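Below is coords12.txt, holding compact mmCIF, C-alpha atoms.
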```txt
# COMPACT_ATOMS: atom_id res chain seq x y z
CA MET X 1 -2.94 23.96 -1.18
CA VAL X 2 -1.54 25.89 1.82
CA PHE X 3 -3.10 29.12 0.48
CA ILE X 4 -6.48 27.43 0.11
CA THR X 5 -6.27 26.00 3.64
CA VAL X 6 -5.66 29.45 5.09
CA GLN X 7 -8.23 31.29 3.02
CA LEU X 8 -11.23 28.95 3.13
CA SER X 9 -13.40 28.54 6.23
CA ALA X 10 -16.43 26.54 5.21
CA GLN X 11 -17.59 23.09 6.30
CA LYS X 12 -15.66 21.44 9.11
CA GLY X 13 -16.08 18.09 10.80
CA TRP X 14 -15.00 14.48 11.05
CA GLU X 15 -15.63 11.45 8.88
CA VAL X 16 -15.18 7.90 10.16
CA GLY X 17 -15.70 4.65 8.31
CA GLY X 18 -14.18 1.62 6.72
CA TRP X 19 -13.19 0.24 3.36
CA LEU X 20 -12.80 -3.04 1.52
CA GLY X 21 -10.99 -3.80 -1.70
CA THR X 22 -8.17 -5.63 -3.39
CA ALA X 23 -4.38 -5.33 -3.38
CA TRP X 24 -1.47 -6.25 -5.61
CA TYR X 25 2.25 -5.65 -5.75
CA THR X 26 4.98 -5.01 -8.31
CA GLY X 27 8.54 -6.13 -7.75
CA ASP X 28 11.06 -8.83 -8.62
CA ILE X 29 8.51 -11.65 -8.81
CA THR X 30 5.65 -9.69 -10.39
CA PRO X 31 7.18 -6.82 -12.41
CA SER X 32 3.80 -5.60 -13.71
CA PHE X 33 0.15 -5.90 -12.78
CA ASP X 34 -1.12 -9.48 -12.88
CA PHE X 35 -4.84 -9.97 -12.29
CA SER X 36 -4.26 -13.57 -11.19
CA GLN X 37 -2.11 -12.42 -8.26
CA ILE X 38 -4.31 -10.02 -6.30
CA GLY X 39 -5.25 -10.30 -2.64
CA PRO X 40 -7.79 -8.94 -0.17
CA ALA X 41 -7.43 -5.59 1.59
CA GLY X 42 -9.41 -3.47 4.02
CA GLY X 43 -9.13 -0.91 6.74
CA ILE X 44 -10.62 1.87 8.85
CA VAL X 45 -10.49 5.59 8.07
CA ALA X 46 -10.66 8.76 10.16
CA LYS X 47 -10.76 12.07 8.34
CA ARG X 48 -10.67 15.65 9.59
CA ASN X 49 -12.24 18.12 7.15
CA PHE X 50 -10.79 21.62 7.48
CA ASN X 51 -12.94 23.09 4.69
CA GLU X 52 -14.54 22.08 1.40
CA ARG X 53 -11.14 21.41 -0.21
CA ILE X 54 -8.66 20.11 2.37
CA SER X 55 -8.75 17.10 4.70
CA LEU X 56 -6.26 15.28 6.90
CA THR X 57 -6.79 11.52 6.70
CA SER X 58 -5.50 8.66 8.82
CA GLN X 59 -5.88 5.02 7.78
CA PHE X 60 -5.17 1.70 9.49
CA ASN X 61 -5.04 -0.98 6.82
CA PHE X 62 -4.61 -4.70 6.31
CA VAL X 63 -3.22 -5.84 2.95
CA ARG X 64 -2.27 -9.26 1.59
CA ILE X 65 0.04 -9.42 -1.43
CA SER X 66 1.73 -12.33 -3.18
CA GLY X 67 3.74 -13.31 -6.22
CA ASP X 68 4.66 -16.56 -7.94
CA ASP X 69 7.25 -17.12 -10.65
CA ALA X 70 5.24 -20.10 -11.86
CA GLN X 71 2.51 -17.68 -13.02
CA SER X 72 4.93 -15.69 -15.17
CA THR X 73 5.46 -16.07 -18.92
CA ASN X 74 9.11 -15.02 -18.51
CA ASN X 75 11.50 -17.94 -19.02
CA PHE X 76 13.99 -16.75 -16.37
CA GLN X 77 11.26 -16.47 -13.75
CA GLN X 78 9.80 -19.86 -14.56
CA GLN X 79 13.22 -21.42 -14.04
CA ARG X 80 13.85 -19.38 -10.87
CA ASN X 81 10.61 -20.74 -9.34
CA LEU X 82 10.33 -18.38 -6.35
CA ASN X 83 7.08 -17.41 -4.63
CA PHE X 84 5.98 -15.41 -1.62
CA VAL X 85 2.97 -14.15 0.30
CA THR X 86 2.88 -11.56 3.06
CA ASN X 87 0.34 -9.78 5.22
CA ILE X 88 0.91 -6.04 5.64
CA PHE X 89 -0.34 -4.03 8.61
CA GLU X 90 -0.15 -0.33 7.83
CA TRP X 91 -0.77 3.11 9.30
CA SER X 92 -0.89 5.93 6.77
CA PRO X 93 -1.60 9.65 7.38
CA SER X 94 -2.07 11.89 4.34
CA LEU X 95 -3.25 15.29 3.14
CA GLU X 96 -6.25 15.14 0.80
CA PHE X 97 -7.28 17.76 -1.76
CA ASN X 98 -10.71 18.01 -3.46
CA PHE X 99 -10.73 19.37 -7.00
CA PHE X 100 -14.31 20.68 -6.60
CA PRO X 101 -15.93 22.28 -3.54
CA TYR X 102 -17.47 19.46 -1.52
CA PHE X 103 -20.23 19.93 1.08
CA HIS X 104 -22.05 17.25 3.03
CA GLY X 105 -25.78 17.70 2.50
CA SER X 106 -25.39 20.06 -0.46
CA GLN X 107 -27.81 19.75 -3.39
CA THR X 108 -25.18 20.81 -5.91
CA GLU X 109 -21.67 20.25 -4.50
CA TYR X 110 -21.91 16.60 -3.45
CA PHE X 111 -19.33 15.06 -5.82
CA THR X 112 -15.64 15.60 -6.47
CA PRO X 113 -12.50 13.86 -7.69
CA TYR X 114 -9.61 14.10 -5.24
CA VAL X 115 -5.93 13.31 -4.76
CA TYR X 116 -3.87 12.68 -1.65
CA LEU X 117 -0.22 12.45 -0.62
CA GLY X 118 1.31 11.22 2.63
CA PHE X 119 3.48 8.50 4.06
CA ASN X 120 3.07 5.08 5.63
CA VAL X 121 4.60 2.88 8.30
CA PHE X 122 3.97 -0.84 7.99
CA ARG X 123 5.02 -4.32 9.04
CA PHE X 124 5.44 -7.22 6.63
CA ASN X 125 6.83 -10.79 6.85
CA PRO X 126 7.30 -12.64 3.54
CA LYS X 127 6.69 -16.38 3.50
CA SER X 128 7.10 -19.02 0.80
CA LEU X 129 4.51 -21.70 0.10
CA HIS X 130 5.67 -25.24 -0.68
CA ASN X 131 3.73 -28.46 -0.05
CA ASP X 132 0.91 -26.44 1.57
CA THR X 133 3.33 -25.10 4.22
CA LYS X 134 4.18 -21.41 4.63
CA THR X 135 7.77 -20.79 5.74
CA PRO X 136 9.04 -17.37 6.92
CA LEU X 137 11.91 -16.33 4.66
CA ARG X 138 13.74 -13.59 6.55
CA PRO X 139 15.24 -15.90 9.25
CA LEU X 140 16.72 -18.10 6.51
CA GLY X 141 18.87 -15.36 4.97
CA THR X 142 18.09 -16.49 1.43
CA GLU X 143 20.54 -14.00 -0.08
CA GLY X 144 23.23 -14.57 2.50
CA GLN X 145 22.01 -12.00 5.05
CA GLN X 146 23.14 -12.77 8.59
CA GLY X 147 22.44 -11.03 11.89
CA VAL X 148 22.03 -7.27 11.62
CA SER X 149 22.39 -7.37 7.83
CA ARG X 150 18.94 -8.91 7.53
CA TYR X 151 16.29 -6.53 6.27
CA ALA X 152 13.89 -4.85 8.70
CA LEU X 153 10.30 -6.08 8.86
CA VAL X 154 9.01 -2.63 9.87
CA THR X 155 9.59 0.13 7.35
CA GLY X 156 7.78 2.92 5.54
CA GLY X 157 7.40 4.84 2.32
CA TRP X 158 5.26 7.28 0.36
CA ALA X 159 1.49 6.99 0.18
CA TYR X 160 -0.46 8.52 -2.70
CA GLY X 161 -3.72 8.05 -4.51
CA VAL X 162 -6.55 9.37 -6.64
CA GLY X 163 -10.27 8.82 -6.31
CA VAL X 164 -13.78 10.17 -6.39
CA LYS X 165 -16.19 10.83 -3.53
CA TYR X 166 -19.98 11.05 -3.61
CA ASP X 167 -22.19 12.35 -0.82
CA PHE X 168 -25.54 10.59 -1.13
CA ASN X 169 -27.00 12.33 1.94
CA ARG X 170 -25.80 14.67 4.68
CA ASP X 171 -24.44 11.88 6.89
CA TRP X 172 -23.12 9.22 4.51
CA SER X 173 -20.72 9.24 1.59
CA ILE X 174 -18.80 6.77 -0.56
CA ASN X 175 -15.21 7.05 -1.78
CA VAL X 176 -13.65 4.95 -4.54
CA ALA X 177 -9.89 5.20 -4.97
CA ILE X 178 -6.72 3.72 -6.42
CA ASN X 179 -4.00 3.84 -3.76
CA GLY X 180 -0.25 3.43 -4.26
CA ARG X 181 2.66 2.82 -1.90
CA ARG X 182 6.27 3.49 -2.86
CA VAL X 183 8.14 1.67 -0.11
CA ALA X 184 11.67 1.99 1.23
CA THR X 185 12.53 -1.69 0.89
CA ASP X 186 13.22 -4.12 -1.93
CA TYR X 187 12.38 -7.15 0.19
CA LEU X 188 8.59 -7.31 0.23
CA ASP X 189 9.12 -10.49 -1.80
CA ASP X 190 12.44 -11.52 -0.15
CA VAL X 191 14.18 -11.03 -3.52
CA SER X 192 16.67 -8.27 -4.33
CA THR X 193 20.27 -9.11 -5.24
CA VAL X 194 22.22 -12.28 -6.10
CA TYR X 195 22.29 -15.95 -5.16
CA PRO X 196 24.29 -16.53 -1.95
CA ASP X 197 27.19 -18.76 -1.03
CA TYR X 198 25.25 -21.95 -0.32
CA ASN X 199 27.99 -23.28 1.97
CA GLN X 200 26.98 -20.65 4.53
CA LEU X 201 23.29 -21.66 4.57
CA SER X 202 21.34 -24.38 6.31
CA PRO X 203 19.73 -27.07 4.08
CA ASP X 204 16.30 -25.44 4.47
CA ALA X 205 17.72 -22.04 3.56
CA VAL X 206 19.42 -23.50 0.48
CA PHE X 207 16.11 -24.84 -0.79
CA TYR X 208 14.19 -21.58 -0.28
CA ALA X 209 17.05 -19.54 -1.70
CA ASN X 210 17.00 -21.60 -4.89
CA PRO X 211 13.97 -23.87 -5.42
CA SER X 212 14.67 -24.08 -9.17
CA GLU X 213 14.19 -27.51 -10.72
CA VAL X 214 16.67 -26.72 -13.50
CA ASP X 215 20.14 -28.23 -12.97
CA GLY X 216 22.86 -25.59 -12.65
CA PHE X 217 20.43 -22.68 -12.29
CA GLY X 218 21.18 -20.10 -9.59
CA GLU X 219 24.93 -20.37 -9.13
CA SER X 220 26.40 -18.30 -6.29
CA GLY X 221 26.84 -14.66 -7.28
CA THR X 222 24.46 -14.77 -10.27
CA GLN X 223 21.40 -12.58 -10.55
CA ARG X 224 18.46 -13.44 -8.30
CA GLY X 225 16.67 -10.07 -8.26
CA ASP X 226 17.03 -6.39 -9.18
CA SER X 227 18.24 -4.22 -6.30
CA LYS X 228 18.03 -1.01 -8.34
CA THR X 229 14.24 -0.77 -8.05
CA ALA X 230 12.21 -0.76 -4.83
CA ASP X 231 9.02 -2.74 -4.47
CA ASN X 232 5.54 -1.20 -4.60
CA PHE X 233 2.06 -2.25 -3.60
CA PHE X 234 -1.32 -0.90 -4.61
CA MET X 235 -4.92 -1.04 -3.45
CA CYS X 236 -8.32 -0.49 -5.02
CA SER X 237 -10.64 0.66 -2.24
CA PHE X 238 -14.37 1.22 -1.75
CA SER X 239 -15.10 3.25 1.40
CA ILE X 240 -18.28 4.11 3.28
CA LEU X 241 -17.90 7.09 5.63
CA ARG X 242 -20.13 8.67 8.28
CA TYR X 243 -19.93 12.44 8.70
CA PHE X 244 -19.98 14.13 12.10
CA GLY X 245 -20.10 17.88 11.89
CA ARG X 246 -22.15 20.91 11.02
CA LEU X 247 -22.32 23.55 8.35
CA GLU X 248 -20.38 26.67 9.30
CA CYS X 249 -22.29 29.91 9.11
CA PRO X 250 -20.48 32.97 7.77
CA THR X 251 -19.37 35.57 10.30
CA ILE X 252 -21.85 38.43 10.63
CA SER X 253 -20.19 41.71 9.79
CA THR X 254 -20.46 44.62 12.20
CA ILE X 255 -20.71 48.32 11.36
CA LYS X 256 -18.90 50.77 13.59
CA GLN X 257 -21.05 53.68 14.74
```
Just dump the structure as structure tokens.
Amino acid sequence: MVFITVQLSAQKGWEVGGWLGTAWYTGDITPSFDFSQIGPAGGIVAKRNFNERISLTSQFNFVRISGDDAQSTNNFQQQRNLNFVTNIFEWSPSLEFNFFPYFHGSQTEYFTPYVYLGFNVFRFNPKSLHNDTKTPLRPLGTEGQQGVSRYALVTGGWAYGVGVKYDFNRDWSINVAINGRRVATDYLDDVSTVYPDYNQLSPDAVFYANPSEVDGFGESGTQRGDSKTADNFFMCSFSILRYFGRLECPTISTIKQ
């Protein structure tokens, strides 16, 4: 990709636009994709095209993800009875690579699949929903976290994705992509390790740490989540972008006399 960036000098310019789509997460409450637990997502995009293959992209995104043990078919999760929802506000820069040459306004090179890789920085704040009331979970220390041991609400991770782009005239194009985020926290859902010592928690914290309706479930020190795997979230996006730029003309060669 570095070689191509250096060698190619074709179309340059900017693309600006927005996208809408859906989002979902995988983690301790929803280990695999569940169509019933998807949320809305959207954002704005700015893209700098260096040539017909390479672009640098910056996105500012809003994502809502959630999970609910009550929706699971797993017996342990049904008894655990945890749930969460969180809004995510994200900035993500990435390097994008087109598999085919891609020119705005071209009659032949107006379509290409692409991949991208970058990183993200985002803020989240998991809440639990009971009796139509959303309660922030981090201040409660549901796994016994106190003070500085509580997880950070601002963190980051890897951003990656694959998609296709189609240029339906010189100025406007559409991009459709599947986007993934491998994050550096296991607390998107406020679940990671074991049940806490309930004697150290407030009554509200005790309830949100263990809302199970099964007598004897969730004894202190028993498994609550899986700390060995980090959480992930994903987005399916549909973008409309406006191109600002011009076609680069090749350099005219000169002949020495």
Skipping near chain neighbours, those fewer than 4 positions away, what residues fall within 10 Å of stretch 172-177 of chain X using all atoms listed in the file, listed as a count of residues only?
-> 31
Which residues, written as an NGL selection string, have at least one atom at most 12 Å from X:Pro31, with only C-alpha atoms counted and residues fewer than 2 positions away on the same chain left out?
-> :X and (24-29 or 33-34 or 37 or 67-69 or 71-74 or 77 or 189 or 225-226 or 229-233)
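For the atom pair formed by atom CA of X:Val183 and atom CA of X:Leu20, the distance is 21.5 Å, given to one decimal.
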Show which residues sit within 10 Å of X:Val206, as a count of residues only. Count all atoms listed in the file, and ignore same-chain residues fewer than 2 positions away.
-> 19
Expressed in Å, the length from atom CA of X:Val85 to atom CA of X:Leu117 is 26.8 Å
Using only C-alpha atoms, which residue out of X:Leu56, X:Ala41, X:Ala184, X:Ala159 lies closest to X:Asn98?
-> X:Leu56
Select, from X:Lys47, X:Arg181, X:Arg170, X:Arg53, the residue with the minimum atom-to-atom distance to X:Phe100, counting only C-alpha atoms.
-> X:Arg53
Using all atoms listed in the file, which residues sit within 6 Å of X:Gly43 once same-chain residues fewer than 2 positions away are excluded, as a PyMOL selection string?
-> chain X and resi 18-19+60-62
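For the pair atom CA of X:Arg80 and atom CA of X:Pro139, the separation is 20.5 Å.
The closest residue to X:Thr185, picked from X:Asn81, X:Ser212, X:Ser227, X:Gln145 and counting all atoms listed in the file, is X:Ser227.
Closest to X:Ile65 among X:Thr155, X:Ser106, X:Thr135, X:Asn125 is X:Asn125, based on only C-alpha atoms.
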Between X:Asn169, X:Ser149, X:Arg138, X:Gln59, single out the one closest to X:Asn120, counting all atoms listed in the file.
-> X:Gln59
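If all atoms listed in the file are the atoms counted, then among X:Arg48, X:Arg64, X:Arg182, X:Arg224 the closest residue to X:Phe124 is X:Arg64.
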Can you fill out stretch 24-37 of chain X with N, CA and C atoms and hand it back as a short mmCIF file (atom, residue, chain, number, x, y, z; two decimals), in the frame of the given file?
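Everything below was put into selection32.cif:
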```cif
data_model
loop_
_atom_site.label_atom_id
_atom_site.label_comp_id
_atom_site.auth_asym_id
_atom_site.auth_seq_id
_atom_site.Cartn_x
_atom_site.Cartn_y
_atom_site.Cartn_z
N TRP X 24 -2.45 -5.54 -4.79
CA TRP X 24 -1.47 -6.25 -5.61
C TRP X 24 -0.13 -5.56 -5.43
N TYR X 25 0.92 -6.22 -5.90
CA TYR X 25 2.25 -5.65 -5.75
C TYR X 25 3.01 -5.74 -7.06
N THR X 26 4.03 -4.89 -7.20
CA THR X 26 4.98 -5.01 -8.31
C THR X 26 6.38 -5.07 -7.72
N GLY X 27 7.19 -5.96 -8.26
CA GLY X 27 8.54 -6.13 -7.75
C GLY X 27 9.27 -7.19 -8.54
N ASP X 28 10.21 -7.87 -7.92
CA ASP X 28 11.06 -8.83 -8.62
C ASP X 28 10.30 -10.06 -9.11
N ILE X 29 9.26 -10.47 -8.39
CA ILE X 29 8.51 -11.65 -8.81
C ILE X 29 7.35 -11.30 -9.73
N THR X 30 6.73 -10.15 -9.51
CA THR X 30 5.65 -9.69 -10.39
C THR X 30 5.99 -8.28 -10.86
N PRO X 31 6.72 -8.14 -11.96
CA PRO X 31 7.18 -6.82 -12.41
C PRO X 31 6.06 -5.88 -12.84
N SER X 32 4.92 -6.43 -13.27
CA SER X 32 3.80 -5.60 -13.71
C SER X 32 2.51 -6.21 -13.19
N PHE X 33 1.43 -5.45 -13.32
CA PHE X 33 0.15 -5.90 -12.78
C PHE X 33 -0.26 -7.24 -13.36
N ASP X 34 -0.65 -8.16 -12.48
CA ASP X 34 -1.12 -9.48 -12.88
C ASP X 34 -2.42 -9.76 -12.15
N PHE X 35 -3.52 -9.82 -12.90
CA PHE X 35 -4.84 -9.97 -12.29
C PHE X 35 -4.97 -11.27 -11.50
N SER X 36 -4.18 -12.28 -11.87
CA SER X 36 -4.26 -13.57 -11.19
C SER X 36 -3.58 -13.55 -9.83
N GLN X 37 -2.85 -12.47 -9.51
CA GLN X 37 -2.11 -12.42 -8.26
C GLN X 37 -2.51 -11.20 -7.44
#
```
